[in-house]
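Single-structure report; data block below.
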Amino acid sequence: MNSVINNKINIISQNKTWLFVPATRIDRVAKAFASGADAVIVDLEDAVAPEEKVSAREALQQYHDSADYQPVWVRINKADSEEFFKDIVLCQKMPNLAGVLLAKAEQEEDIHSVHQLINLPVIALIESAIGLYQIDSMAKAVGLAAFSYGFLDLCNDLQVQVGTPAADIIANQIRYQLILTSKVHQLSPPIDTIYPDFNNEVGLSDRVQLWSQMGMSGMLCIHPKQVAVVQQTLQPTDEALLFAQRVVEEYERSGQAVFKIDGEMVDAPVIERSRQLLAK
């Protein structure tokens with residue numbers, strides 16, 4: 001994988017908010033960036049009706065070639081669809097894209113093929129039981145930068161009832177599998193799925209705390225108002241920052257591997273976690 005791809009992959013883990021914009025509403029891209037989103041995804045898949053695919057691609061091409069262009073990601077249609085190669089041809093005409101999200105990813109070969117054809121990093125969206133089953137093999141694909149997943153599609157395929165305690169168990173199992181696989185294969189930490197109720201700030205904040213505590217890197221967003229909630233929730237408390245600073249200062253002062261602060265035992269993992277928090 002070349003250095004340009006590697007640099008883009010490194011940036012992915014720093015992106016906390018990934019905001020979708022339908023390709024049929026290219027005028028919203030500027031507003032999406034203005035919301036403070038770290039990355040904007042122009043959607044050519046589910047958000048675009050079949051009869052609007054052609055005009056959506058034309059609009060994206062015009063935006064890419066305009067003076068107002070800012071690098072965007074593009075969600076392309078699944079590999080076995082008739083729209084897939086049309087999306088690939090379009091992406092080949094847009095060298096300044098940030099990367100692509102492959103919808104309904106299921107095979108290593110598809111990810112590798114996308115990367116070979118457009119020389120851009122790929123985020124694989126896991127949206128089926130087969131895709132979830134194949135994540136270990138897909139993680140080996142050249143060009144793969146990270147995983148994300150579509151939970152509603154997965155629930156439909158697995159026949160899981162959305163909005164139930166059972167669904168929460170399944171969701172956390174999916175997160176765990178993606179986190180573990182990504183770590184083993186040295187990918188960016190996975191990106192959490194959307195939170196569909198964009199008016200529920202409390203619920204969204206709870207979700208952000210969950211995936212961030214599990215070690216995921218960011219979240220897919222469907223409305224600009226979600227961006228600020230995600231960013232605010234991810235801000236560490238003053239107490240946490242102060243404790244981390246005291247841990248690092250005491251370690252650098254004393255050089256001891258184990259010590260106490262306010263009666264709490266501090267060892268290597270706590271020191272490393274404190275350094276990571278301060279680095280962010």
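The chains in the structure tokens are called A, B, ... from first to last as shown; in each chain the residues are counted from 1, and the ligands are counted from 1 in the order shown.
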### alpha helix (DSSP H) call set, DSSP backbone run, range 45-225 of chain A, as a PyMOL selection string
chain A and resi 53-64+84-92+108-118+129-133+135-138+151-158+165-184+201-214+224-225
### Message
Just want the 7 Å neighbourhood of range 110-125 of chain A, counted on only C-alpha atoms, with same-chain residues fewer than 6 positions away dropped. Output as a list of chain:residue names.
### Response
A:Ile5, A:Ile9, A:Ala79, A:Cys91, A:Gln92, A:Gly99, A:Val100, A:Leu101, A:Leu102, A:Ala103, A:Lys104, A:Ala141, A:Val142, A:Gly143, A:Leu144, A:Ala145, A:Ala146, A:Phe147, A:Ser148, A:Tyr149, A:Gly150
### Nearest residue to Arg75 in chain A from the set A:Tyr195, A:Tyr133, A:Phe151, A:Trp18 (distances using only C-alpha atoms)
A:Trp18
### Query
How many Å separate CA of Lys93 in chain A from CA of Asp65 in chain A?
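If I compute the distance from CA of Lys93 in chain A to CA of Asp65 in chain A, I get 9.6 Å.
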#### Entry: Residue neighbourhood Asp267 in chain A, 10 Å, only C-alpha atoms, exclusion window fewer than 5 positions, as a list in words
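Skipping anything fewer than 5 positions along the chain leaves Val247, Tyr251, Gln256, Ala257, Val258, Phe259, Lys260 and Glu272 of chain A.
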Next, dump the selected residues to file, keeping only N, CA and C atoms, as an mmCIF file, in the first residue's frame.
```
data_model
loop_
_atom_site.group_PDB
_atom_site.id
_atom_site.type_symbol
_atom_site.label_atom_id
_atom_site.label_comp_id
_atom_site.auth_asym_id
_atom_site.auth_seq_id
_atom_site.Cartn_x
_atom_site.Cartn_y
_atom_site.Cartn_z
ATOM 1 N N VAL A 247 -0.836 11.937 36.902
ATOM 2 C CA VAL A 247 -0.218 10.625 36.713
ATOM 3 C C VAL A 247 1.066 10.747 35.908
ATOM 4 N N TYR A 251 4.939 10.172 37.236
ATOM 5 C CA TYR A 251 5.768 9.131 36.624
ATOM 6 C C TYR A 251 7.081 9.723 36.109
ATOM 7 N N GLN A 256 9.029 5.799 38.893
ATOM 8 C CA GLN A 256 8.513 4.558 39.463
ATOM 9 C C GLN A 256 7.456 3.947 38.554
ATOM 10 N N ALA A 257 7.436 2.624 38.495
ATOM 11 C CA ALA A 257 6.470 1.921 37.650
ATOM 12 C C ALA A 257 5.116 1.782 38.327
ATOM 13 N N VAL A 258 5.128 1.846 39.666
ATOM 14 C CA VAL A 258 3.890 1.720 40.430
ATOM 15 C C VAL A 258 3.898 2.765 41.547
ATOM 16 N N PHE A 259 2.796 3.504 41.662
ATOM 17 C CA PHE A 259 2.680 4.503 42.718
ATOM 18 C C PHE A 259 1.203 4.790 42.948
ATOM 19 N N LYS A 260 0.915 5.656 43.916
ATOM 20 C CA LYS A 260 -0.465 6.000 44.237
ATOM 21 C C LYS A 260 -0.714 7.484 44.023
ATOM 22 N N GLU A 272 -0.156 4.659 30.603
ATOM 23 C CA GLU A 272 -0.342 4.715 29.147
ATOM 24 C C GLU A 272 -1.678 5.341 28.792
#
```
#### Entry: Thr237 in chain A environment, 12 Å, only C-alpha atoms, sequence neighbours closer than 6 positions dropped, as a PyMOL selection string
chain A and resi 243-244+277-278
### Query
Can you list every residue in range 13-177 of chain A that DSSP puts in strand (DSSP E or B), as a PyMOL selection string?
chain A and resi 17-22+39-43+73-76+99-102+122-126+144-149
### Close residues, Val21 in chain A itself excluded, 9 Å, only C-alpha atoms, min 2 positions apart in chain, as a count of residues only
15
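Atom pair CA of Gln14 in chain A / CA of Ile135 in chain A: separated by 22.4 Å.
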### Surrounding residues of range 155-158 of chain A excluding itself and chain neighbours under 2 positions, 10 Å, only C-alpha atoms, as a ChimeraX atom specification
/A:127-130,150-153,160-162,167,170-171
Same residues, N, CA, C and O atoms, saved as a CSV table (one decimal), in the first residue's frame:
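Contents of the output file result17.csv:
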```
chain,number,residue,atom,x,y,z
A,127,GLU,N,-23.2,-5.3,6.6
A,127,GLU,CA,-24.6,-5.1,6.6
A,127,GLU,C,-25.4,-6.4,6.4
A,127,GLU,O,-26.6,-6.4,6.2
A,128,SER,N,-24.7,-7.6,6.5
A,128,SER,CA,-25.3,-8.8,6.3
A,128,SER,C,-24.6,-9.9,7.2
A,128,SER,O,-23.5,-9.7,7.6
A,129,ALA,N,-25.3,-11.0,7.4
A,129,ALA,CA,-24.7,-12.1,8.2
A,129,ALA,C,-23.5,-12.6,7.5
A,129,ALA,O,-22.5,-12.9,8.2
A,130,ILE,N,-23.5,-12.7,6.2
A,130,ILE,CA,-22.3,-13.2,5.4
A,130,ILE,C,-21.2,-12.3,5.6
A,130,ILE,O,-20.0,-12.7,5.9
A,150,GLY,N,-23.9,-1.5,9.3
A,150,GLY,CA,-25.3,-1.0,9.2
A,150,GLY,C,-26.2,-1.9,10.1
A,150,GLY,O,-26.5,-3.0,9.7
A,151,PHE,N,-26.5,-1.4,11.3
A,151,PHE,CA,-27.1,-2.3,12.2
A,151,PHE,C,-28.6,-2.7,11.8
A,151,PHE,O,-29.0,-3.8,12.0
A,152,LEU,N,-29.3,-1.8,11.2
A,152,LEU,CA,-30.7,-2.1,10.9
A,152,LEU,C,-30.7,-3.2,9.8
A,152,LEU,O,-31.5,-4.1,9.8
A,153,ASP,N,-29.8,-3.1,8.8
A,153,ASP,CA,-29.7,-4.1,7.8
A,153,ASP,C,-29.3,-5.4,8.4
A,153,ASP,O,-29.9,-6.5,8.0
A,160,VAL,N,-33.3,-10.1,14.0
A,160,VAL,CA,-33.3,-9.5,15.3
A,160,VAL,C,-34.3,-8.4,15.5
A,160,VAL,O,-34.4,-7.5,14.5
A,161,GLN,N,-35.0,-8.3,16.5
A,161,GLN,CA,-36.0,-7.3,16.7
A,161,GLN,C,-35.4,-6.0,17.2
A,161,GLN,O,-34.8,-6.0,18.3
A,162,VAL,N,-35.4,-5.0,16.4
A,162,VAL,CA,-34.8,-3.7,16.8
A,162,VAL,C,-35.4,-3.1,18.0
A,162,VAL,O,-36.6,-3.2,18.2
A,167,ALA,N,-31.5,-6.9,20.9
A,167,ALA,CA,-30.8,-6.2,19.9
A,167,ALA,C,-29.5,-5.5,20.4
A,167,ALA,O,-28.5,-5.4,19.8
A,170,ILE,N,-26.8,-8.1,20.7
A,170,ILE,CA,-26.2,-8.4,19.3
A,170,ILE,C,-25.3,-7.2,18.9
A,170,ILE,O,-24.3,-7.4,18.3
A,171,ALA,N,-25.8,-6.0,19.1
A,171,ALA,CA,-25.0,-4.8,18.7
A,171,ALA,C,-23.6,-4.8,19.3
A,171,ALA,O,-22.6,-4.6,18.7
```
#### Entry: Atomic distance CA of Asn77 in chain A - CA of Asp192 in chain A, expressed in Å with one decimal
19.6 Å
### Query
From the set A:Gln245, A:Thr164, A:Asn172, A:Gln62, which residue has the shortest atom-to-atom contact distance to Gly215 in chain A, counting only C-alpha atoms?
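Closest to Gly215 in chain A, using only C-alpha atoms: A:Asn172.
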